[in-house]
$ cat model.json   # JSON, C-alpha atoms
[["chain", "number", "residue", "atom", "x", "y", "z"],
["A", 1, "MET", "CA", -16.21, -33.19, 46.99],
["A", 2, "ALA", "CA", -14.74, -29.84, 48.07],
["A", 3, "PRO", "CA", -17.28, -27.27, 49.27],
["A", 4, "ASP", "CA", -18.21, -24.37, 47.01],
["A", 5, "THR", "CA", -16.14, -21.24, 47.55],
["A", 6, "VAL", "CA", -19.17, -18.99, 48.06],
["A", 7, "SER", "CA", -20.21, -20.93, 51.18],
["A", 8, "LEU", "CA", -16.61, -20.90, 52.37],
["A", 9, "ARG", "CA", -16.41, -17.11, 51.99],
["A", 10, "TYR", "CA", -19.72, -16.75, 53.86],
["A", 11, "PHE", "CA", -18.33, -18.93, 56.65],
["A", 12, "LEU", "CA", -15.29, -16.65, 57.00],
["A", 13, "VAL", "CA", -17.54, -13.62, 57.48],
["A", 14, "LEU", "CA", -19.55, -15.49, 60.09],
["A", 15, "ALA", "CA", -16.34, -16.59, 61.82],
["A", 16, "GLN", "CA", -15.40, -12.91, 62.18],
["A", 17, "GLU", "CA", -18.81, -11.69, 63.33],
["A", 18, "LEU", "CA", -19.85, -14.75, 65.39],
["A", 19, "ASN", "CA", -23.41, -13.55, 64.87],
["A", 20, "PHE", "CA", -25.77, -14.71, 62.11],
["A", 21, "THR", "CA", -27.70, -11.43, 61.98],
["A", 22, "ARG", "CA", -24.62, -9.23, 61.55],
["A", 23, "ALA", "CA", -22.95, -11.68, 59.15],
["A", 24, "ALA", "CA", -26.05, -11.92, 56.95],
["A", 25, "ALA", "CA", -26.35, -8.12, 56.83],
["A", 26, "ARG", "CA", -22.67, -7.75, 55.92],
["A", 27, "ILE", "CA", -22.95, -10.32, 53.14],
["A", 28, "GLY", "CA", -26.27, -8.96, 51.90],
["A", 29, "ILE", "CA", -28.44, -12.08, 52.17],
["A", 30, "ALA", "CA", -31.28, -13.18, 54.47],
["A", 31, "GLN", "CA", -30.35, -14.84, 57.75],
["A", 32, "PRO", "CA", -32.22, -18.11, 56.94],
["A", 33, "ALA", "CA", -30.28, -18.37, 53.68],
["A", 34, "LEU", "CA", -27.00, -17.99, 55.55],
["A", 35, "SER", "CA", -28.04, -20.64, 58.08],
["A", 36, "ALA", "CA", -28.92, -23.01, 55.22],
["A", 37, "ARG", "CA", -25.54, -22.38, 53.59],
["A", 38, "MET", "CA", -23.70, -23.19, 56.81],
["A", 39, "ARG", "CA", -25.66, -26.43, 57.35],
["A", 40, "ARG", "CA", -24.85, -27.50, 53.78],
["A", 41, "LEU", "CA", -21.17, -26.63, 54.27],
["A", 42, "GLU", "CA", -20.98, -28.72, 57.42],
["A", 43, "ALA", "CA", -22.70, -31.60, 55.63],
["A", 44, "GLU", "CA", -20.21, -31.40, 52.75],
["A", 45, "LEU", "CA", -17.27, -31.42, 55.15],
["A", 46, "GLY", "CA", -18.79, -34.07, 57.42],
["A", 47, "THR", "CA", -18.13, -32.14, 60.60],
["A", 48, "ALA", "CA", -19.61, -29.38, 62.73],
["A", 49, "LEU", "CA", -18.01, -25.95, 62.31],
["A", 50, "LEU", "CA", -20.22, -23.94, 64.63],
["A", 51, "VAL", "CA", -21.91, -24.32, 67.98],
["A", 52, "ARG", "CA", -25.12, -22.29, 67.89],
["A", 53, "ASN", "CA", -27.43, -21.14, 70.63],
["A", 54, "THR", "CA", -29.98, -18.36, 70.87],
["A", 55, "ARG", "CA", -27.46, -15.72, 71.80],
["A", 56, "SER", "CA", -24.05, -16.65, 70.40],
["A", 57, "VAL", "CA", -22.06, -18.59, 67.84],
["A", 58, "VAL", "CA", -18.86, -20.40, 68.79],
["A", 59, "LEU", "CA", -16.39, -22.04, 66.43],
["A", 60, "THR", "CA", -15.63, -25.69, 66.94],
["A", 61, "THR", "CA", -12.05, -26.93, 66.72],
["A", 62, "ALA", "CA", -12.68, -27.79, 63.05],
["A", 63, "GLY", "CA", -14.28, -24.39, 62.48],
["A", 64, "ALA", "CA", -11.33, -22.55, 64.00],
["A", 65, "ALA", "CA", -8.90, -24.57, 61.86],
["A", 66, "LEU", "CA", -10.91, -23.78, 58.71],
["A", 67, "ALA", "CA", -11.12, -20.09, 59.59],
["A", 68, "GLU", "CA", -7.31, -20.00, 59.84],
["A", 69, "SER", "CA", -6.43, -22.05, 56.76],
["A", 70, "ALA", "CA", -9.12, -20.93, 54.30],
["A", 71, "PRO", "CA", -8.06, -17.29, 53.63],
["A", 72, "PRO", "CA", -4.64, -18.08, 52.09],
["A", 73, "ALA", "CA", -6.21, -20.92, 50.09],
["A", 74, "LEU", "CA", -8.90, -18.60, 48.73],
["A", 75, "ALA", "CA", -6.30, -15.93, 47.95],
["A", 76, "ALA", "CA", -4.30, -18.47, 45.95],
["A", 77, "LEU", "CA", -7.47, -19.50, 44.13],
["A", 78, "ASP", "CA", -8.26, -15.86, 43.35],
["A", 79, "ARG", "CA", -4.78, -15.46, 41.88],
["A", 80, "ALA", "CA", -5.36, -18.54, 39.74],
["A", 81, "TRP", "CA", -8.63, -17.09, 38.44],
["A", 82, "ASP", "CA", -6.93, -13.77, 37.73],
["A", 83, "THR", "CA", -4.15, -15.54, 35.85],
["A", 84, "ALA", "CA", -6.67, -17.45, 33.75],
["A", 85, "ARG", "CA", -8.61, -14.26, 32.98],
["A", 86, "SER", "CA", -5.40, -12.44, 32.03],
["A", 87, "ALA", "CA", -4.41, -15.26, 29.69],
["A", 88, "ALA", "CA", -7.88, -15.28, 28.13],
["A", 89, "ALA", "CA", -7.61, -11.51, 27.58],
["A", 90, "GLY", "CA", -4.20, -11.81, 25.92],
["A", 91, "GLU", "CA", -2.49, -10.02, 28.82],
["A", 92, "LEU", "CA", -0.21, -12.93, 29.72],
["A", 93, "GLY", "CA", 2.31, -14.95, 27.75],
["A", 94, "THR", "CA", 5.28, -14.58, 25.44],
["A", 95, "LEU", "CA", 4.94, -12.45, 22.33],
["A", 96, "ARG", "CA", 7.47, -12.73, 19.49],
["A", 97, "ILE", "CA", 7.50, -9.84, 17.00],
["A", 98, "GLY", "CA", 9.51, -9.73, 13.78],
["A", 99, "TYR", "CA", 10.09, -6.38, 12.14],
["A", 100, "SER", "CA", 11.77, -5.09, 9.02],
["A", 101, "LEU", "CA", 14.89, -3.01, 9.66],
["A", 102, "SER", "CA", 13.26, 0.06, 8.17],
["A", 103, "ALA", "CA", 10.51, -0.17, 10.84],
["A", 104, "GLY", "CA", 13.06, -0.55, 13.64],
["A", 105, "ALA", "CA", 13.88, 3.12, 14.07],
["A", 106, "GLU", "CA", 10.52, 4.25, 15.42],
["A", 107, "THR", "CA", 7.44, 2.12, 14.72],
["A", 108, "ALA", "CA", 8.53, -1.23, 16.20],
["A", 109, "PRO", "CA", 10.10, 0.28, 19.36],
["A", 110, "ALA", "CA", 6.95, 2.34, 20.03],
["A", 111, "LEU", "CA", 4.70, -0.72, 19.77],
["A", 112, "VAL", "CA", 6.97, -2.95, 21.86],
["A", 113, "ASP", "CA", 7.28, -0.27, 24.55],
["A", 114, "ARG", "CA", 3.50, 0.17, 24.76],
["A", 115, "LEU", "CA", 2.89, -3.58, 24.94],
["A", 116, "MET", "CA", 5.39, -4.01, 27.78],
["A", 117, "ARG", "CA", 4.29, -0.89, 29.67],
["A", 118, "ASP", "CA", 0.56, -1.63, 29.60],
["A", 119, "ASN", "CA", 0.72, -5.44, 29.96],
["A", 120, "SER", "CA", 3.08, -6.40, 32.77],
["A", 121, "GLY", "CA", 2.30, -10.08, 32.31],
["A", 122, "LEU", "CA", 3.56, -10.07, 28.72],
["A", 123, "GLU", "CA", 7.11, -11.02, 27.83],
["A", 124, "VAL", "CA", 7.84, -9.33, 24.51],
["A", 125, "GLY", "CA", 10.73, -10.23, 22.25],
["A", 126, "ALA", "CA", 11.42, -8.38, 18.98],
["A", 127, "VAL", "CA", 13.90, -9.37, 16.29],
["A", 128, "PRO", "CA", 14.82, -7.73, 12.95],
["A", 129, "MET", "CA", 14.07, -9.91, 9.95],
["A", 130, "ALA", "CA", 14.30, -9.70, 6.19],
["A", 131, "THR", "CA", 10.99, -8.26, 5.02],
["A", 132, "PRO", "CA", 10.02, -11.15, 2.67],
["A", 133, "GLU", "CA", 10.44, -13.62, 5.55],
["A", 134, "ILE", "CA", 8.06, -11.93, 7.99],
["A", 135, "SER", "CA", 4.64, -12.92, 6.61],
["A", 136, "PRO", "CA", 5.60, -16.61, 6.15],
["A", 137, "ALA", "CA", 7.04, -16.66, 9.69],
["A", 138, "VAL", "CA", 3.76, -15.30, 11.08],
["A", 139, "ALA", "CA", 1.72, -17.79, 9.04],
["A", 140, "ASP", "CA", 3.64, -20.84, 10.28],
["A", 141, "GLY", "CA", 3.89, -19.68, 13.90],
["A", 142, "ARG", "CA", 7.60, -18.98, 14.16],
["A", 143, "ILE", "CA", 6.67, -15.47, 15.29],
["A", 144, "ASP", "CA", 3.38, -14.13, 16.65],
["A", 145, "ALA", "CA", 3.29, -10.85, 14.76],
["A", 146, "GLY", "CA", 5.26, -8.84, 12.24],
["A", 147, "ILE", "CA", 5.75, -5.22, 11.23],
["A", 148, "THR", "CA", 6.51, -4.57, 7.58],
["A", 149, "ARG", "CA", 6.77, -1.68, 5.18],
["A", 150, "GLY", "CA", 4.27, -2.15, 2.39],
["A", 151, "GLU", "CA", 1.50, -4.70, 2.08],
["A", 152, "GLN", "CA", 3.73, -7.73, 1.72],
["A", 153, "PRO", "CA", 2.26, -10.80, -0.02],
["A", 154, "GLY", "CA", 1.65, -13.98, 1.94],
["A", 155, "ARG", "CA", -1.01, -16.56, 2.72],
["A", 156, "GLY", "CA", -2.48, -17.38, 6.10],
["A", 157, "VAL", "CA", -2.09, -13.88, 7.52],
["A", 158, "ARG", "CA", -4.15, -10.77, 8.12],
["A", 159, "ARG", "CA", -2.72, -7.28, 7.73],
["A", 160, "LEU", "CA", -3.65, -4.23, 9.75],
["A", 161, "LEU", "CA", -2.70, -0.85, 8.31],
["A", 162, "LEU", "CA", -0.65, 0.65, 11.11],
["A", 163, "ARG", "CA", 0.85, 3.77, 9.64],
["A", 164, "ARG", "CA", 0.97, 6.03, 6.59],
["A", 165, "ALA", "CA", 4.06, 8.12, 6.02],
["A", 166, "ARG", "CA", 4.95, 10.77, 3.49],
["A", 167, "VAL", "CA", 7.60, 9.85, 0.93],
["A", 168, "GLY", "CA", 10.63, 12.03, 0.57],
["A", 169, "VAL", "CA", 14.38, 11.80, 0.10],
["A", 170, "GLN", "CA", 17.31, 11.68, 2.44],
["A", 171, "LEU", "CA", 20.14, 13.91, 1.36],
["A", 172, "ALA", "CA", 23.16, 15.76, 2.64],
["A", 173, "GLN", "CA", 22.42, 19.05, 4.35],
["A", 174, "ARG", "CA", 24.74, 20.73, 1.82],
["A", 175, "HIS", "CA", 22.89, 19.20, -1.16],
["A", 176, "PRO", "CA", 21.55, 21.84, -3.58],
["A", 177, "LEU", "CA", 17.97, 20.59, -3.05],
["A", 178, "ALA", "CA", 18.17, 20.73, 0.76],
["A", 179, "GLU", "CA", 17.21, 24.41, 0.75],
["A", 180, "HIS", "CA", 13.70, 23.55, -0.51],
["A", 181, "PRO", "CA", 10.95, 22.60, 2.03],
["A", 182, "GLU", "CA", 9.55, 20.23, -0.62],
["A", 183, "ILE", "CA", 11.26, 18.73, -3.66],
["A", 184, "GLU", "CA", 9.70, 18.09, -7.04],
["A", 185, "ILE", "CA", 9.98, 14.49, -8.23],
["A", 186, "ALA", "CA", 11.48, 15.64, -11.52],
["A", 187, "ASP", "CA", 14.13, 17.69, -9.69],
["A", 188, "ALA", "CA", 15.09, 14.71, -7.55],
["A", 189, "ALA", "CA", 15.38, 12.53, -10.66],
["A", 190, "ALA", "CA", 18.19, 14.74, -11.93],
["A", 191, "TYR", "CA", 20.47, 13.25, -9.25],
["A", 192, "PRO", "CA", 21.64, 9.68, -8.56],
["A", 193, "LEU", "CA", 18.93, 7.81, -6.61],
["A", 194, "ARG", "CA", 19.86, 5.18, -4.07],
["A", 195, "LEU", "CA", 17.31, 2.33, -3.70],
["A", 196, "PRO", "CA", 17.44, -0.78, -1.50],
["A", 197, "HIS", "CA", 18.01, -4.13, -3.18],
["A", 198, "ARG", "CA", 14.76, -5.39, -4.61],
["A", 199, "ALA", "CA", 15.26, -8.76, -2.90],
["A", 200, "ALA", "CA", 15.18, -7.03, 0.49],
["A", 201, "ASN", "CA", 11.70, -5.59, -0.06],
["A", 202, "PRO", "CA", 10.21, -5.96, -3.57],
["A", 203, "VAL", "CA", 7.02, -4.06, -2.66],
["A", 204, "ILE", "CA", 8.77, -0.91, -1.44],
["A", 205, "HIS", "CA", 11.51, -1.11, -4.08],
["A", 206, "ASP", "CA", 8.91, -1.16, -6.86],
["A", 207, "GLN", "CA", 6.86, 1.61, -5.24],
["A", 208, "LEU", "CA", 9.84, 3.92, -4.86],
["A", 209, "SER", "CA", 11.21, 3.29, -8.34],
["A", 210, "ALA", "CA", 7.71, 3.87, -9.81],
["A", 211, "LEU", "CA", 7.80, 7.45, -8.49],
["A", 212, "PHE", "CA", 10.28, 8.28, -11.24],
["A", 213, "ARG", "CA", 8.61, 6.34, -14.05],
["A", 214, "ASP", "CA", 7.64, 9.51, -15.90],
["A", 215, "THR", "CA", 10.98, 11.25, -15.49],
["A", 216, "PRO", "CA", 13.70, 10.90, -18.15],
["A", 217, "HIS", "CA", 16.23, 8.17, -17.41],
["A", 218, "PRO", "CA", 16.54, 8.18, -13.62],
["A", 219, "ARG", "CA", 19.86, 6.84, -12.37],
["A", 220, "PHE", "CA", 19.24, 4.16, -9.74],
["A", 221, "HIS", "CA", 21.89, 2.33, -7.79],
["A", 222, "THR", "CA", 21.93, 0.02, -4.77],
["A", 223, "PRO", "CA", 24.58, 0.15, -2.03],
["A", 224, "ALA", "CA", 26.76, -2.77, -1.12],
["A", 225, "VAL", "CA", 25.11, -2.86, 2.32],
["A", 226, "SER", "CA", 21.34, -3.06, 1.94],
["A", 227, "PHE", "CA", 20.61, -1.17, 5.18],
["A", 228, "ASP", "CA", 23.42, 1.18, 6.15],
["A", 229, "MET", "CA", 22.48, 3.29, 9.17],
["A", 230, "SER", "CA", 25.34, 5.72, 8.49],
["A", 231, "GLN", "CA", 24.11, 6.43, 4.93],
["A", 232, "ARG", "CA", 27.70, 6.95, 3.75],
["A", 233, "ASP", "CA", 26.84, 7.25, 0.07],
["A", 234, "LEU", "CA", 24.61, 10.29, 0.71],
["A", 235, "ARG", "CA", 27.48, 12.32, 2.12],
["A", 236, "ASP", "CA", 28.81, 13.03, -1.36],
["A", 237, "GLY", "CA", 26.31, 15.90, -1.52],
["A", 238, "VAL", "CA", 24.86, 14.51, -4.77],
["A", 239, "THR", "CA", 23.09, 11.19, -4.12],
["A", 240, "LEU", "CA", 19.49, 11.09, -2.87],
["A", 241, "ALA", "CA", 17.76, 8.20, -1.12],
["A", 242, "PRO", "CA", 13.96, 7.97, -1.46],
["A", 243, "ALA", "CA", 12.63, 7.17, 2.02],
["A", 244, "GLY", "CA", 9.59, 7.42, 4.24],
["A", 245, "GLU", "CA", 9.05, 10.20, 6.75],
["A", 246, "ALA", "CA", 10.26, 8.05, 9.65],
["A", 247, "ALA", "CA", 13.78, 8.55, 8.28],
["A", 248, "ALA", "CA", 13.56, 12.16, 9.47],
["A", 249, "THR", "CA", 13.51, 11.07, 13.12],
["A", 250, "VAL", "CA", 16.85, 9.24, 13.05],
["A", 251, "GLN", "CA", 19.03, 11.33, 10.76],
["A", 252, "PRO", "CA", 22.79, 10.77, 11.04],
["A", 253, "ALA", "CA", 24.80, 13.95, 11.45],
["A", 254, "GLY", "CA", 25.08, 15.95, 8.25],
["A", 255, "LEU", "CA", 21.97, 14.49, 6.62],
["A", 256, "THR", "CA", 18.36, 15.69, 6.40],
["A", 257, "TRP", "CA", 15.03, 14.65, 4.86],
["A", 258, "ARG", "CA", 12.68, 16.49, 2.54],
["A", 259, "PRO", "CA", 9.23, 15.41, 1.28],
["A", 260, "LEU", "CA", 8.60, 14.79, -2.41],
["A", 261, "ARG", "CA", 5.73, 16.90, -3.67],
["A", 262, "GLY", "CA", 2.76, 14.81, -4.86],
["A", 263, "ALA", "CA", 4.25, 11.44, -3.96],
["A", 264, "PRO", "CA", 1.87, 8.76, -2.59],
["A", 265, "SER", "CA", 2.40, 7.67, 1.00],
["A", 266, "LEU", "CA", 4.29, 4.61, 2.14],
["A", 267, "THR", "CA", 2.49, 2.21, 4.46],
["A", 268, "ILE", "CA", 3.52, 0.15, 7.46],
["A", 269, "HIS", "CA", 1.45, -2.90, 8.36],
["A", 270, "LEU", "CA", 0.99, -5.13, 11.38],
["A", 271, "VAL", "CA", 0.92, -8.76, 10.24],
["A", 272, "LEU", "CA", -1.05, -11.30, 12.31],
["A", 273, "PRO", "CA", -2.07, -14.92, 11.66],
["A", 274, "ARG", "CA", -5.47, -15.48, 10.10],
["A", 275, "GLU", "CA", -6.60, -17.53, 13.14],
["A", 276, "GLN", "CA", -6.04, -15.25, 16.11],
["A", 277, "SER", "CA", -5.64, -16.09, 19.78],
["A", 278, "PRO", "CA", -6.36, -13.71, 22.69],
["A", 279, "LEU", "CA", -2.69, -12.73, 22.54],
["A", 280, "HIS", "CA", -3.04, -11.70, 18.89],
["A", 281, "ARG", "CA", -6.20, -9.75, 19.65],
["A", 282, "ARG", "CA", -4.36, -7.96, 22.44],
["A", 283, "ILE", "CA", -1.52, -6.80, 20.20],
["A", 284, "ARG", "CA", -4.03, -5.67, 17.58],
["A", 285, "ALA", "CA", -5.96, -3.62, 20.15],
["A", 286, "VAL", "CA", -2.76, -2.02, 21.47],
["A", 287, "ALA", "CA", -1.54, -1.28, 17.93],
["A", 288, "GLU", "CA", -4.83, 0.37, 16.95],
["A", 289, "THR", "CA", -4.79, 2.53, 20.09],
["A", 290, "LEU", "CA", -1.17, 3.52, 19.52],
["A", 291, "ALA", "CA", -1.77, 4.41, 15.86],
["A", 292, "HIS", "CA", -4.64, 6.67, 16.92],
["A", 293, "GLU", "CA", -2.74, 8.37, 19.74],
["A", 294, "LEU", "CA", 0.38, 9.03, 17.65],
["A", 295, "HIS", "CA", -1.60, 10.08, 14.56],
["A", 296, "TRP", "CA", 0.02, 7.40, 12.42],
["A", 297, "LEU", "CA", -3.07, 7.30, 10.23],
["A", 298, "PRO", "CA", -4.02, 10.87, 9.32],
["A", 299, "ASP", "CA", -7.69, 11.47, 8.51]]
$ encode --input "model.json" --output "structure tokens"
Amino acid sequence: MAPDTVSLRYFLVLAQELNFTRAAARIGIAQPALSARMRRLEAELGTALLVRNTRSVVLTTAGAALAESAPPALAALDRAWDTARSAAAGELGTLRIGYSLSAGAETAPALVDRLMRDNSGLEVGAVPMATPEISPAVADGRIDAGITRGEQPGRGVRRLLLRRARVGVQLAQRHPLAEHPEIEIADAAAYPLRLPHRAANPVIHDQLSALFRDTPHPRFHTPAVSFDMSQRDLRDGVTLAPAGEAAATVQPAGLTWRPLRGAPSLTIHLVLPREQSPLHRRIRAVAETLAHELHWLPD
């Protein structure tokens, strides 16, 4: 049986001091306890490590060999313990995150950057996915976490509210309503309203269309491309696109964003499996810290 590492570390101190009194004081134990440890270590190894007399301590050939070979072995063992602790704390491993395209402009990059910056042992991969696919992919383990707009349905997952954002409209800078700091819902309903295909995100589609439920005959349409970063159809100076506040941070040239007065907020959620590993708990902790620091959840 290999000797215990505590006795081995005590031996290395004694091998440096070559004096039981000084070694015991440096370790912080009584000298008789150190002597007992060394006798037990020699018994476990089946060989003498020290030659003792009343005035000095001398290493035997076996003792000198152990004093030379033990430090790198203990350092490797310490690294193994550190690796195990990091894995247990969720600071080590591969993390796969799926995110909806609408969360890819700001929310997902901020979370991925923080995870990689603060957890050097994590390998983080993020991939855009269709929103309805994210919760099922988390539940069956194809991805470790997801970021979605709206509280998407799905079994076997837990959702953490990550962000609330004001609802407004994207519009051309030359649009008649662009001169207002806020736009009334009824005023916006007087213009064509671009919505994403319902199949792409039923929750958000229904929430945005419900904003105009009490206005007379809103004119909705969906573009041929469900997520067009250039927003070509808004450049006609007439069409409006209901969108969350994050749209304001990545406006293409010639477009702007204005909040809708009295509209309820949109939400962005972190989706995790119901049974969570240390890795899942790590991403949750990082996400909660990030949401607080960036004021994603106003009081």
$ closest_residue --input "model.json" --among "A:Glu288, A:Glu106, A:Asp113, A:Asp236" --to "Gln173 (chain A)" --atoms "all atoms listed in the file"
A:Asp236
$ closest_residue --input "model.json" --among "A:Pro132, A:Gly262, A:Pro72, A:Gly141" --to "Ile97 (chain A)" --atoms "only C-alpha atoms"
A:Gly141
$ residues_near_point --input "model.json" --point "(-20.5, -26.3, 50.4)" --cutoff "8 Å" --atoms "all atoms listed in the file" --output "number ranges by chain"
A: 2-8, 37-38, 40-45
$ residues_near_point --input "model.json" --point "(10.1, 12.7, -8.3)" --cutoff "12 Å" --atoms "all atoms listed in the file" --output "PyMOL selection string"
chain A and resi 167-169+182-193+207-218+240-243+258-264
$ write_last_selection --input "model.json" --atoms "C-alpha atoms" --output "CSV table (one decimal), keeping the file's coordinate frame"
chain,number,residue,atom,x,y,z
A,167,VAL,CA,7.6,9.8,0.9
A,168,GLY,CA,10.6,12.0,0.6
A,169,VAL,CA,14.4,11.8,0.1
A,182,GLU,CA,9.6,20.2,-0.6
A,183,ILE,CA,11.3,18.7,-3.7
A,184,GLU,CA,9.7,18.1,-7.0
A,185,ILE,CA,10.0,14.5,-8.2
A,186,ALA,CA,11.5,15.6,-11.5
A,187,ASP,CA,14.1,17.7,-9.7
A,188,ALA,CA,15.1,14.7,-7.6
A,189,ALA,CA,15.4,12.5,-10.7
A,190,ALA,CA,18.2,14.7,-11.9
A,191,TYR,CA,20.5,13.2,-9.2
A,192,PRO,CA,21.6,9.7,-8.6
A,193,LEU,CA,18.9,7.8,-6.6
A,207,GLN,CA,6.9,1.6,-5.2
A,208,LEU,CA,9.8,3.9,-4.9
A,209,SER,CA,11.2,3.3,-8.3
A,210,ALA,CA,7.7,3.9,-9.8
A,211,LEU,CA,7.8,7.4,-8.5
A,212,PHE,CA,10.3,8.3,-11.2
A,213,ARG,CA,8.6,6.3,-14.0
A,214,ASP,CA,7.6,9.5,-15.9
A,215,THR,CA,11.0,11.2,-15.5
A,216,PRO,CA,13.7,10.9,-18.2
A,217,HIS,CA,16.2,8.2,-17.4
A,218,PRO,CA,16.5,8.2,-13.6
A,240,LEU,CA,19.5,11.1,-2.9
A,241,ALA,CA,17.8,8.2,-1.1
A,242,PRO,CA,14.0,8.0,-1.5
A,243,ALA,CA,12.6,7.2,2.0
A,258,ARG,CA,12.7,16.5,2.5
A,259,PRO,CA,9.2,15.4,1.3
A,260,LEU,CA,8.6,14.8,-2.4
A,261,ARG,CA,5.7,16.9,-3.7
A,262,GLY,CA,2.8,14.8,-4.9
A,263,ALA,CA,4.2,11.4,-4.0
A,264,PRO,CA,1.9,8.8,-2.6
$ atom_distance --input "model.json" --atom1 "CA of Arg198 (chain A)" --atom2 "CA of Pro273 (chain A)"
25.3 Å
$ atom_distance --input "model.json" --atom1 "CA of Ala253 (chain A)" --atom2 "CA of Ala130 (chain A)"
26.4 Å
$ atom_distance --input "model.json" --atom1 "CA of Leu111 (chain A)" --atom2 "CA of Arg164 (chain A)"
15.3 Å
$ closest_residue --input "model.json" --among "A:Arg26, A:His205, A:His269, A:Arg55" --to "Arg159 (chain A)" --atoms "only C-alpha atoms"
A:His269
$ residues_around --input "model.json" --residues "Val112 (chain A)" --least-positions-apart "5" --cutoff "12 Å" --atoms "all atoms listed in the file" --output "PyMOL selection string"
chain A and resi 95-99+103-104+106-107+117-119+122-127+145-147+283+286-287+290
$ closest_residue --input "model.json" --among "A:Arg52, A:Ala25, A:Arg284, A:Leu272" --to "Ala137 (chain A)" --atoms "all atoms listed in the file"
A:Leu272
$ residues_around --input "model.json" --residues "Thr239 (chain A)" --least-positions-apart "4" --cutoff "9 Å" --atoms "all atoms listed in the file" --output "PyMOL selection string"
chain A and resi 170-172+175+191-194+233-235
$ closest_residue --input "model.json" --among "A:Val58, A:Leu50, A:Leu14, A:Val238" --to "Ala178 (chain A)" --atoms "all atoms listed in the file"
A:Val238
$ build_atoms --input "model.json" --residues "region 258-269 of chain A" --atoms "N, CA and C atoms" --output "mmCIF file, in the coordinates of the input"
data_model
loop_
_atom_site.group_PDB
_atom_site.id
_atom_site.type_symbol
_atom_site.label_atom_id
_atom_site.label_comp_id
_atom_site.auth_asym_id
_atom_site.auth_seq_id
_atom_site.Cartn_x
_atom_site.Cartn_y
_atom_site.Cartn_z
ATOM 1 N N ARG A 258 13.647 15.569 3.111
ATOM 2 C CA ARG A 258 12.680 16.490 2.540
ATOM 3 C C ARG A 258 11.587 15.689 1.838
ATOM 4 N N PRO A 259 10.319 16.125 1.960
ATOM 5 C CA PRO A 259 9.230 15.410 1.280
ATOM 6 C C PRO A 259 9.261 15.647 -0.227
ATOM 7 N N LEU A 260 8.768 14.663 -0.973
ATOM 8 C CA LEU A 260 8.600 14.790 -2.410
ATOM 9 C C LEU A 260 7.178 15.250 -2.689
ATOM 10 N N ARG A 261 7.038 16.340 -3.398
ATOM 11 C CA ARG A 261 5.730 16.900 -3.670
ATOM 12 C C ARG A 261 4.903 15.937 -4.537
ATOM 13 N N GLY A 262 3.676 15.631 -4.082
ATOM 14 C CA GLY A 262 2.760 14.810 -4.860
ATOM 15 C C GLY A 262 3.005 13.318 -4.809
ATOM 16 N N ALA A 263 3.965 12.875 -4.013
ATOM 17 C CA ALA A 263 4.250 11.440 -3.960
ATOM 18 C C ALA A 263 3.232 10.719 -3.071
ATOM 19 N N PRO A 264 2.790 9.516 -3.449
ATOM 20 C CA PRO A 264 1.870 8.760 -2.590
ATOM 21 C C PRO A 264 2.580 8.313 -1.316
ATOM 22 N N SER A 265 1.807 8.045 -0.277
ATOM 23 C CA SER A 265 2.400 7.670 1.000
ATOM 24 C C SER A 265 2.896 6.239 0.986
ATOM 25 N N LEU A 266 3.866 5.975 1.848
ATOM 26 C CA LEU A 266 4.290 4.610 2.140
ATOM 27 C C LEU A 266 3.445 4.090 3.309
ATOM 28 N N THR A 267 3.294 2.797 3.387
ATOM 29 C CA THR A 267 2.490 2.210 4.460
ATOM 30 C C THR A 267 3.314 1.239 5.295
ATOM 31 N N ILE A 268 2.944 1.150 6.552
ATOM 32 C CA ILE A 268 3.520 0.150 7.460
ATOM 33 C C ILE A 268 2.364 -0.678 8.005
ATOM 34 N N HIS A 269 2.533 -1.987 7.996
ATOM 35 C CA HIS A 269 1.450 -2.900 8.360
ATOM 36 C C HIS A 269 1.848 -3.784 9.533
#
